[in-house]
Structures are given as structure tokens and as C-alpha cells.
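Coordinates as given in model.tsv (TSV, C-alpha atoms):
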```
chain	number	residue	atom	x	y	z
S	352	MET	CA	-6.33	-5.32	-10.57
S	353	LEU	CA	-5.39	-7.83	-7.91
S	354	LEU	CA	-5.19	-5.14	-5.25
S	355	ALA	CA	-8.57	-3.77	-6.32
S	356	VAL	CA	-10.15	-7.22	-5.93
S	357	ALA	CA	-8.50	-7.58	-2.52
S	358	ALA	CA	-9.88	-4.20	-1.45
S	359	CYS	CA	-13.41	-5.17	-2.48
S	360	LEU	CA	-13.19	-8.46	-0.65
S	361	TYR	CA	-11.85	-6.64	2.38
S	362	LEU	CA	-14.92	-4.39	2.52
S	363	VAL	CA	-17.29	-7.33	2.23
S	364	ALA	CA	-15.49	-9.39	4.85
S	365	ALA	CA	-15.06	-6.45	7.21
S	366	TRP	CA	-18.84	-5.94	7.21
S	367	MET	CA	-19.51	-9.61	7.90
S	368	VAL	CA	-17.03	-10.31	10.69
S	369	ALA	CA	-16.21	-8.81	14.07
S	370	PRO	CA	-14.62	-5.32	14.02
S	371	GLY	CA	-10.84	-5.17	14.23
S	372	PHE	CA	-10.11	-8.55	12.63
S	373	TYR	CA	-8.39	-7.10	9.55
S	374	ASP	CA	-6.99	-3.91	11.06
S	375	GLY	CA	-3.39	-5.11	10.59
S	376	PHE	CA	-3.38	-4.49	6.82
S	377	THR	CA	-2.29	-0.84	6.81
S	378	PRO	CA	0.29	0.99	4.64
S	379	PRO	CA	3.51	2.29	6.26
S	380	GLN	CA	3.57	5.82	7.59
S	381	PRO	CA	5.00	8.34	5.05
S	382	TYR	CA	8.69	9.02	5.54
S	383	ASN	CA	9.80	12.55	6.43
S	384	TRP	CA	12.82	13.62	4.35
S	385	THR	CA	15.38	16.37	4.86
S	386	SER	CA	15.86	16.31	1.09
S	387	PRO	CA	13.15	14.16	-0.51
S	388	PRO	CA	13.65	12.17	-3.72
S	389	PRO	CA	11.46	13.25	-6.67
S	390	GLN	CA	8.79	10.63	-5.97
S	391	ALA	CA	8.41	11.83	-2.37
S	392	VAL	CA	8.38	15.61	-2.84
S	393	ALA	CA	4.59	15.95	-2.77
S	394	GLY	CA	3.35	16.18	0.80
S	395	ASN	CA	6.79	15.77	2.35
S	396	LYS	CA	7.24	16.98	5.92
S	397	GLN	CA	10.54	17.80	7.54
S	398	PRO	CA	11.83	15.11	9.94
S	399	THR	CA	11.80	15.77	13.65
S	400	SER	CA	14.46	15.51	16.34
S	401	GLY	CA	14.53	13.67	19.65
S	402	HIS	CA	15.70	14.47	23.18
S	403	LEU	CA	16.13	12.21	26.21
S	404	VAL	CA	17.34	12.68	29.77
S	405	ILE	CA	18.49	9.41	31.36
S	406	LYS	CA	18.60	9.13	35.13
S	407	VAL	CA	21.73	7.90	36.89
S	408	LEU	CA	20.89	5.76	39.92
S	409	GLY	CA	23.68	4.65	42.23
S	410	GLY	CA	26.29	5.58	39.63
S	411	VAL	CA	24.59	3.49	36.92
S	412	SER	CA	22.72	4.98	33.97
S	413	ASP	CA	19.11	3.82	33.76
S	414	ALA	CA	17.66	1.79	30.87
S	415	ASN	CA	15.83	4.00	28.39
S	416	SER	CA	15.22	4.73	24.70
S	417	ALA	CA	15.79	7.91	22.72
S	418	PHE	CA	13.66	8.46	19.63
S	419	THR	CA	12.62	11.14	17.18
S	420	ASP	CA	9.09	12.48	17.51
S	421	ASP	CA	8.15	10.94	14.14
S	422	GLY	CA	9.56	7.54	15.15
S	423	GLN	CA	12.09	7.33	12.31
S	424	VAL	CA	15.00	6.67	14.69
S	425	VAL	CA	15.00	4.74	17.96
S	426	ILE	CA	18.09	4.06	20.08
S	427	GLY	CA	17.78	1.83	23.12
S	428	PHE	CA	20.18	1.79	26.06
S	429	LEU	CA	20.62	-0.97	28.63
S	430	PRO	CA	21.32	-0.24	32.31
S	431	GLY	CA	24.91	0.94	32.66
S	432	ALA	CA	25.27	1.66	28.94
S	433	PHE	CA	27.08	4.96	29.68
S	434	ASP	CA	30.08	5.91	31.73
S	435	ALA	CA	28.12	7.88	34.32
S	436	THR	CA	31.07	8.89	36.52
S	437	GLY	CA	30.21	12.07	38.43
S	438	LYS	CA	26.80	12.45	36.75
S	439	THR	CA	23.21	12.44	37.98
S	440	THR	CA	21.68	12.52	34.50
S	441	ILE	CA	22.81	11.87	30.91
S	442	THR	CA	21.38	13.77	27.95
S	443	VAL	CA	20.93	12.22	24.51
S	444	ASP	CA	19.93	14.18	21.38
S	445	ILE	CA	18.96	12.99	17.89
S	446	LYS	CA	18.93	15.50	15.04
S	447	PRO	CA	18.35	15.06	11.29
S	448	GLU	CA	21.24	16.62	9.39
S	449	SER	CA	21.46	18.12	5.91
S	450	ILE	CA	25.24	18.64	6.29
S	451	PHE	CA	27.20	15.49	7.10
S	452	PRO	CA	30.43	13.62	6.23
S	453	PRO	CA	30.80	12.94	2.49
S	454	ALA	CA	29.02	9.73	1.55
S	455	GLY	CA	31.81	8.71	-0.81
S	456	GLY	CA	30.85	5.47	-2.52
S	457	LEU	CA	27.66	5.03	-0.51
S	458	HIS	CA	24.04	5.64	-1.43
S	459	PHE	CA	21.85	6.56	1.54
S	460	ALA	CA	18.20	5.51	1.52
S	461	THR	CA	17.36	7.41	4.74
S	462	ASN	CA	18.10	10.75	6.29
S	463	VAL	CA	21.40	11.20	8.10
S	464	TYR	CA	20.92	11.60	11.85
S	465	LEU	CA	23.43	12.94	14.35
S	466	VAL	CA	23.17	11.26	17.75
S	467	THR	CA	25.08	12.86	20.64
S	468	ALA	CA	25.30	12.30	24.39
S	469	ASP	CA	27.14	14.07	27.20
S	470	ALA	CA	28.71	10.78	28.36
S	471	PRO	CA	30.54	8.03	26.43
S	472	LEU	CA	28.99	4.66	25.72
S	473	VAL	CA	30.57	1.64	27.42
S	474	MET	CA	28.01	-0.92	26.24
S	475	ASN	CA	26.32	-1.61	22.93
S	476	ALA	CA	23.16	0.35	22.18
S	477	SER	CA	20.41	-0.83	19.84
S	478	VAL	CA	19.76	1.34	16.77
S	479	VAL	CA	16.63	1.16	14.61
S	480	LEU	CA	16.26	3.26	11.45
S	481	ARG	CA	13.02	3.39	9.51
S	482	TYR	CA	13.11	3.87	5.74
S	483	SER	CA	10.59	4.77	3.03
S	484	ASP	CA	8.61	2.33	0.91
S	485	LEU	CA	9.21	4.66	-2.07
S	486	VAL	CA	12.94	3.91	-2.38
S	487	PRO	CA	15.01	0.72	-2.73
S	488	ALA	CA	15.51	-0.91	0.64
S	489	PRO	CA	18.90	-0.26	2.27
S	490	SER	CA	21.20	-3.15	3.11
S	491	PHE	CA	23.19	-1.85	6.08
S	492	VAL	CA	23.43	0.88	8.70
S	493	TYR	CA	26.46	3.15	8.44
S	494	LEU	CA	28.17	5.26	11.11
S	495	ALA	CA	30.57	8.21	10.95
S	496	THR	CA	32.00	9.47	14.23
S	497	ASP	CA	33.64	12.61	12.84
S	498	PRO	CA	32.18	15.42	10.65
S	499	ASN	CA	35.08	14.93	8.22
S	500	GLY	CA	35.58	11.23	8.85
S	501	ALA	CA	34.75	8.14	6.84
S	502	TRP	CA	31.59	6.06	7.07
S	503	LYS	CA	31.82	2.48	8.28
S	504	ASN	CA	29.37	-0.37	7.93
S	505	ILE	CA	27.95	-1.43	11.32
S	506	GLY	CA	25.76	-4.16	9.87
S	507	ALA	CA	22.07	-4.95	10.10
S	508	ALA	CA	20.07	-7.62	11.88
S	509	ALA	CA	18.92	-10.55	9.78
S	510	GLU	CA	15.32	-9.92	10.83
S	511	SER	CA	13.74	-6.53	11.43
S	512	ARG	CA	10.25	-5.07	11.36
S	513	PRO	CA	9.01	-4.09	7.88
S	514	PHE	CA	10.69	-0.96	6.48
S	515	THR	CA	13.28	-0.81	9.27
S	516	LEU	CA	16.91	-1.79	9.77
S	517	GLN	CA	18.26	-2.67	13.21
S	518	THR	CA	21.82	-2.99	14.46
S	519	THR	CA	23.98	-2.25	17.50
S	520	THR	CA	26.68	0.31	18.17
S	521	LYS	CA	29.17	1.19	20.88
S	522	GLU	CA	29.78	4.62	19.38
S	523	LEU	CA	27.57	7.60	18.66
S	524	GLY	CA	27.77	10.00	15.74
S	525	TYR	CA	26.17	10.22	12.31
S	526	PHE	CA	23.85	7.35	11.35
S	527	ALA	CA	22.24	6.47	8.01
S	528	ALA	CA	20.99	3.36	6.24
S	529	GLY	CA	22.00	2.59	2.67
S	530	TYR	CA	24.20	0.49	0.42
S	531	PRO	CA	27.34	0.88	-1.71
S	532	ALA	CA	26.56	2.96	-4.79
S	533	GLY	CA	27.94	0.30	-7.12
S	534	ALA	CA	26.05	-2.54	-5.46
S	535	THR	CA	22.51	-3.78	-5.89
S	536	SER	CA	20.20	-2.76	-3.07
S	537	SER	CA	18.54	-5.46	-1.02
S	538	SER	CA	15.17	-4.63	-2.56
S	539	SER	CA	16.26	-5.19	-6.15
S	540	SER	CA	16.55	-8.98	-5.98
S	541	PRO	CA	14.21	-10.94	-8.32
S	542	PHE	CA	12.14	-11.97	-5.32
S	543	SER	CA	11.59	-8.42	-4.02
S	544	SER	CA	9.49	-7.46	-7.06
S	545	LEU	CA	7.17	-10.35	-6.25
S	546	LEU	CA	6.68	-9.28	-2.65
S	547	PRO	CA	3.71	-6.92	-3.25
S	548	ILE	CA	1.98	-9.62	-5.33
S	549	ALA	CA	2.63	-12.25	-2.65
S	550	VAL	CA	1.22	-9.94	0.04
S	551	ALA	CA	-1.86	-9.21	-2.07
S	552	LEU	CA	-2.42	-12.94	-2.67
S	553	LEU	CA	-2.07	-13.59	1.04
S	554	ILE	CA	-4.63	-10.90	1.82
S	555	VAL	CA	-7.03	-12.32	-0.77
S	556	GLY	CA	-6.58	-15.81	0.66
S	557	VAL	CA	-7.28	-14.68	4.21
S	558	LEU	CA	-10.30	-12.66	3.15
S	559	VAL	CA	-11.78	-15.39	0.96
S	560	GLY	CA	-11.22	-17.92	3.73
S	561	GLY	CA	-12.93	-15.67	6.26
S	562	ILE	CA	-16.07	-14.98	4.23
S	563	PRO	CA	-17.54	-18.55	4.37
S	564	LEU	CA	-16.89	-18.76	8.09
S	565	ALA	CA	-18.63	-15.44	8.65
S	566	MET	CA	-21.60	-16.55	6.51
S	567	ILE	CA	-21.92	-19.80	8.44
S	568	ARG	CA	-21.82	-17.92	11.72
S	569	ARG	CA	-24.49	-15.49	10.61
S	570	ARG	CA	-26.72	-18.32	9.34
S	571	ARG	CA	-26.37	-20.09	12.67
S	572	GLU	CA	-27.26	-16.91	14.50
S	573	ALA	CA	-30.27	-16.44	12.22
S	574	GLY	CA	-31.32	-20.03	12.88
S	575	VAL	CA	-31.12	-19.55	16.63
S	576	GLU	CA	-33.25	-16.43	16.38
S	577	GLY	CA	-35.77	-18.27	14.21
S	578	ASP	CA	-36.05	-21.11	16.75
S	579	GLY	CA	-36.64	-18.57	19.46
S	580	ASP	CA	-39.46	-16.98	17.50
S	581	GLU	CA	-41.11	-20.40	16.95
S	582	ASP	CA	-40.91	-21.19	20.67
S	583	GLU	CA	-42.62	-17.92	21.51
S	584	ALA	CA	-45.38	-18.68	18.96
```
Rewrite the structure from the file as C-alpha cells, please.
Amino acid sequence: MLLAVAACLYLVAAWMVAPGFYDGFTPPQPYNWTSPPPQAVAGNKQPTSGHLVIKVLGGVSDANSAFTDDGQVVIGFLPGAFDATGKTTITVDIKPESIFPPAGGLHFATNVYLVTADAPLVMNASVVLRYSDLVPAPSFVYLATDPNGAWKNIGAAAESRPFTLQTTTKELGYFAAGYPAGATSSSSSPFSSLLPIAVALLIVGVLVGGIPLAMIRRRREAGVEGDGDEDEA
């Protein structure tokens, strides 16, 4: 009900104010799953891969970012992030995987992605994984460097963009975001269930606050036009 009221107010306010003012209130892009959960089966698309060729200038690898075509994984590299000895370019590939190291006691809330490069990292790279709004939010990013190896927690930044987790790594391999199977996900706290309501209330507040201002502006404009008509008469 609250969201319906907010939607109605949005339409009224959008008509009364300048275009583009409320364009930021948009839902997240649907997540593409290799193996979708039941609630995401309808309309699911397979995730895409990514490919990057980094230039080596003066023996130093250039700064660049590798990402999947659907934007679900982004890995950023600083200048000199790779050991570029004897190379003129460095190739990085990102591929979603349906076969990966056993998760063990972990529950993954994203696809598993294999990131490879033809040169070793010597500096930390930034990793951003996007996750779906249809599943509990993951707590950490996990990395496995061997197809039969164990997963290790490589952390997560305290602040990230909505529906993303960000961290750093000095190794490449298999990446996924999730949480221990026996633990409570970060989205299941008592405050997380109130988040949609809080967002809706914020939207309503902004919209209701904008309507009087828009009405005043339009009345002033109408008054100016009326004065102009009287002057002409």
C-alpha cells in the first residue's frame, strides 16, 4: 500500500517538476544466474564473460579494469599491478563457472567467476561483485586459487554501492560472494527487513516535499504571465 501511494505521488510530482529530478529511484538490474534460485528462474539470462588486454608501457602494466559484459563483476588494476617482465600486453579473462571448488560450509549468493591472467599479480586489485535483490545479501567475498582447493574469506569493504560487495585481492582464481551456511546473512538482521519501508518513506517524504514547491513555482509563473497580459491590455 505504501509503495502504491509513493508511486502515485511520484507520477503527480514528476508531471509538476522539471524532467529528470526523480530519475534516481530505479530498481536494480536483474541478476543473471548460471543456476538460478527458484524465485529467479522466470526470465533468467545466462551470465556473460569478460576479456581485457592491458598494455605494458616501459615494462609497467597500464591501469585498467576488466569486467563482464553484464557488469556483474569488475576488477580494477593499478599501474604496475602485474609482473610484466618480458611482456608487451597482459590478458585478463573473467568467466562464470558452473563447476568450481566445493563450497564446503559456505553458501554462495552470487555466481562463481573464474578470473585468470597470463601474468602474476604483484599489487592488490579491486574486486566488485554484484548480487541479486531476490536473495539474502552476502557478507563476504571468497576466493579459491585451485580447482580442488579450499575457499578463503577475503573480506568486504564496510561501504559499497547497493547490491554489491567490494574487496581487494593479490591473487586471482575463483571468486564468489556469500556467507557461512550456519551463519545469518547480512540481510537477515532485524533492521534489514525495515529497509524497504524506510526507503519508501523517504521517497514519499521527498515527493510530498517537492509538490508544494512545484505548485508555488507554477503559480508564480502563472502570475507573471497574467501581469504580462494586463500590461499588453
Kindly indicate which residue among S:Gly431, S:Gly500, S:Pro389, S:Pro513 lies nearest to Tyr482 (chain S), using only C-alpha atoms for the distances.
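For Tyr482 (chain S), the nearest of the given residues is S:Pro513.
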d(CA of Ala391 (chain S), CA of Phe514 (chain S)) in Å
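Computed distance, CA of Ala391 (chain S) to CA of Phe514 (chain S), equals 15.7 Å.
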Atom pair CA of Leu472 (chain S) / CA of Ala435 (chain S): separation (Å)
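Going from CA of Leu472 (chain S) over to CA of Ala435 (chain S) covers 9.2 Å.
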If you measure from CA of Tyr525 (chain S) to CA of Ala495 (chain S), what distance in Å do you get, rounded to one decimal?
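It comes out at 5.0 Å.
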Leaving out Leu485 (chain S) and any residue of its chain fewer than 6 positions from it, which residues lie within 12 Å of it when counting all atoms listed in the file, given as number ranges by chain?
S: 378-384, 387-392, 460-461, 514, 538
Could you pull the residues within 6 Å of Pro489 (chain S), counting only C-alpha atoms, minus those fewer than 3 positions along the same chain, as an mmCIF file with C-alpha atoms, in the coordinates of the input?
```cif
data_model
loop_
_atom_site.group_PDB
_atom_site.id
_atom_site.type_symbol
_atom_site.label_atom_id
_atom_site.label_comp_id
_atom_site.auth_asym_id
_atom_site.auth_seq_id
_atom_site.Cartn_x
_atom_site.Cartn_y
_atom_site.Cartn_z
ATOM 1 C CA ALA S 460 18.200 5.510 1.520
ATOM 2 C CA ALA S 528 20.990 3.360 6.240
ATOM 3 C CA GLY S 529 22.000 2.590 2.670
ATOM 4 C CA TYR S 530 24.200 0.490 0.420
#
```
Could you check the closest approach to Phe491 (chain S) for each of S:His458, S:Arg512, S:Lys406, S:Lys521 and tell me which residue wins, using only C-alpha atoms?
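Ranked by minimum distance to Phe491 (chain S), first place goes to S:His458.
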Please reconstruct the missing atoms of region 381-413 of chain S (target: N, CA and C atoms) and return them as a PDB file, in the frame of the given file.
```
ATOM      1  N   PRO S 381       4.100   7.627   5.984  1.00  0.00           N
ATOM      2  CA  PRO S 381       5.000   8.340   5.050  1.00  0.00           C
ATOM      3  C   PRO S 381       6.288   8.756   5.745  1.00  0.00           C
ATOM      4  N   TYR S 382       7.383   8.665   5.001  1.00  0.00           N
ATOM      5  CA  TYR S 382       8.690   9.020   5.540  1.00  0.00           C
ATOM      6  C   TYR S 382       8.901  10.519   5.401  1.00  0.00           C
ATOM      7  N   ASN S 383       9.499  11.121   6.432  1.00  0.00           N
ATOM      8  CA  ASN S 383       9.800  12.550   6.430  1.00  0.00           C
ATOM      9  C   ASN S 383      11.258  12.747   6.025  1.00  0.00           C
ATOM     10  N   TRP S 384      11.489  13.467   4.925  1.00  0.00           N
ATOM     11  CA  TRP S 384      12.820  13.620   4.350  1.00  0.00           C
ATOM     12  C   TRP S 384      13.393  15.011   4.622  1.00  0.00           C
ATOM     13  N   THR S 385      14.705  15.073   4.854  1.00  0.00           N
ATOM     14  CA  THR S 385      15.380  16.370   4.860  1.00  0.00           C
ATOM     15  C   THR S 385      15.511  16.890   3.432  1.00  0.00           C
ATOM     16  N   SER S 386      15.783  15.972   2.512  1.00  0.00           N
ATOM     17  CA  SER S 386      15.860  16.310   1.090  1.00  0.00           C
ATOM     18  C   SER S 386      15.185  15.173   0.332  1.00  0.00           C
ATOM     19  N   PRO S 387      13.894  15.290   0.046  1.00  0.00           N
ATOM     20  CA  PRO S 387      13.150  14.160  -0.510  1.00  0.00           C
ATOM     21  C   PRO S 387      13.534  13.825  -1.945  1.00  0.00           C
ATOM     22  N   PRO S 388      13.481  12.547  -2.320  1.00  0.00           N
ATOM     23  CA  PRO S 388      13.650  12.170  -3.720  1.00  0.00           C
ATOM     24  C   PRO S 388      12.447  12.644  -4.530  1.00  0.00           C
ATOM     25  N   PRO S 389      12.550  12.696  -5.851  1.00  0.00           N
ATOM     26  CA  PRO S 389      11.460  13.250  -6.670  1.00  0.00           C
ATOM     27  C   PRO S 389      10.101  12.618  -6.397  1.00  0.00           C
ATOM     28  N   GLN S 390      10.069  11.304  -6.166  1.00  0.00           N
ATOM     29  CA  GLN S 390       8.790  10.630  -5.970  1.00  0.00           C
ATOM     30  C   GLN S 390       8.176  10.897  -4.603  1.00  0.00           C
ATOM     31  N   ALA S 391       8.924  11.574  -3.716  1.00  0.00           N
ATOM     32  CA  ALA S 391       8.410  11.830  -2.370  1.00  0.00           C
ATOM     33  C   ALA S 391       8.268  13.315  -2.066  1.00  0.00           C
ATOM     34  N   VAL S 392       8.442  14.171  -3.081  1.00  0.00           N
ATOM     35  CA  VAL S 392       8.380  15.610  -2.840  1.00  0.00           C
ATOM     36  C   VAL S 392       6.990  16.040  -2.403  1.00  0.00           C
ATOM     37  N   ALA S 393       5.962  15.549  -3.086  1.00  0.00           N
ATOM     38  CA  ALA S 393       4.590  15.950  -2.770  1.00  0.00           C
ATOM     39  C   ALA S 393       4.211  15.515  -1.364  1.00  0.00           C
ATOM     40  N   GLY S 394       3.801  16.473  -0.567  1.00  0.00           N
ATOM     41  CA  GLY S 394       3.350  16.180   0.800  1.00  0.00           C
ATOM     42  C   GLY S 394       4.441  15.889   1.797  1.00  0.00           C
ATOM     43  N   ASN S 395       5.707  16.072   1.406  1.00  0.00           N
ATOM     44  CA  ASN S 395       6.790  15.770   2.350  1.00  0.00           C
ATOM     45  C   ASN S 395       6.787  16.735   3.532  1.00  0.00           C
ATOM     46  N   LYS S 396       7.072  16.187   4.704  1.00  0.00           N
ATOM     47  CA  LYS S 396       7.240  16.980   5.920  1.00  0.00           C
ATOM     48  C   LYS S 396       8.676  16.831   6.407  1.00  0.00           C
ATOM     49  N   GLN S 397       9.184  17.856   7.023  1.00  0.00           N
ATOM     50  CA  GLN S 397      10.540  17.800   7.540  1.00  0.00           C
ATOM     51  C   GLN S 397      10.616  16.830   8.730  1.00  0.00           C
ATOM     52  N   PRO S 398      11.688  16.050   8.817  1.00  0.00           N
ATOM     53  CA  PRO S 398      11.830  15.110   9.940  1.00  0.00           C
ATOM     54  C   PRO S 398      12.024  15.842  11.251  1.00  0.00           C
ATOM     55  N   THR S 399      11.718  15.171  12.324  1.00  0.00           N
ATOM     56  CA  THR S 399      11.800  15.770  13.650  1.00  0.00           C
ATOM     57  C   THR S 399      13.017  15.244  14.411  1.00  0.00           C
ATOM     58  N   SER S 400      13.329  15.902  15.495  1.00  0.00           N
ATOM     59  CA  SER S 400      14.460  15.510  16.340  1.00  0.00           C
ATOM     60  C   SER S 400      13.952  14.770  17.574  1.00  0.00           C
ATOM     61  N   GLY S 401      14.891  14.350  18.414  1.00  0.00           N
ATOM     62  CA  GLY S 401      14.530  13.670  19.650  1.00  0.00           C
ATOM     63  C   GLY S 401      15.442  14.092  20.784  1.00  0.00           C
ATOM     64  N   HIS S 402      14.935  14.054  22.001  1.00  0.00           N
ATOM     65  CA  HIS S 402      15.700  14.470  23.180  1.00  0.00           C
ATOM     66  C   HIS S 402      15.340  13.555  24.348  1.00  0.00           C
ATOM     67  N   LEU S 403      16.347  13.123  25.081  1.00  0.00           N
ATOM     68  CA  LEU S 403      16.130  12.210  26.210  1.00  0.00           C
ATOM     69  C   LEU S 403      17.071  12.558  27.352  1.00  0.00           C
ATOM     70  N   VAL S 404      16.534  12.528  28.557  1.00  0.00           N
ATOM     71  CA  VAL S 404      17.340  12.680  29.770  1.00  0.00           C
ATOM     72  C   VAL S 404      17.269  11.362  30.540  1.00  0.00           C
ATOM     73  N   ILE S 405      18.416  10.705  30.674  1.00  0.00           N
ATOM     74  CA  ILE S 405      18.490   9.410  31.360  1.00  0.00           C
ATOM     75  C   ILE S 405      18.936   9.627  32.793  1.00  0.00           C
ATOM     76  N   LYS S 406      18.242   9.020  33.714  1.00  0.00           N
ATOM     77  CA  LYS S 406      18.600   9.130  35.130  1.00  0.00           C
ATOM     78  C   LYS S 406      19.807   8.242  35.441  1.00  0.00           C
ATOM     79  N   VAL S 407      20.609   8.699  36.380  1.00  0.00           N
ATOM     80  CA  VAL S 407      21.730   7.900  36.890  1.00  0.00           C
ATOM     81  C   VAL S 407      21.412   7.536  38.329  1.00  0.00           C
ATOM     82  N   LEU S 408      21.265   6.247  38.590  1.00  0.00           N
ATOM     83  CA  LEU S 408      20.890   5.760  39.920  1.00  0.00           C
ATOM     84  C   LEU S 408      22.023   4.922  40.488  1.00  0.00           C
ATOM     85  N   GLY S 409      22.583   5.383  41.612  1.00  0.00           N
ATOM     86  CA  GLY S 409      23.680   4.650  42.230  1.00  0.00           C
ATOM     87  C   GLY S 409      24.902   4.563  41.338  1.00  0.00           C
ATOM     88  N   GLY S 410      25.132   5.585  40.524  1.00  0.00           N
ATOM     89  CA  GLY S 410      26.290   5.580  39.630  1.00  0.00           C
ATOM     90  C   GLY S 410      26.090   4.795  38.355  1.00  0.00           C
ATOM     91  N   VAL S 411      24.874   4.302  38.118  1.00  0.00           N
ATOM     92  CA  VAL S 411      24.590   3.490  36.920  1.00  0.00           C
ATOM     93  C   VAL S 411      23.487   4.180  36.114  1.00  0.00           C
ATOM     94  N   SER S 412      23.738   4.375  34.833  1.00  0.00           N
ATOM     95  CA  SER S 412      22.720   4.980  33.970  1.00  0.00           C
ATOM     96  C   SER S 412      21.536   4.037  33.818  1.00  0.00           C
ATOM     97  N   ASP S 413      20.339   4.609  33.833  1.00  0.00           N
ATOM     98  CA  ASP S 413      19.110   3.820  33.760  1.00  0.00           C
ATOM     99  C   ASP S 413      18.885   3.322  32.335  1.00  0.00           C
TER     100      ASP S 413
END
```
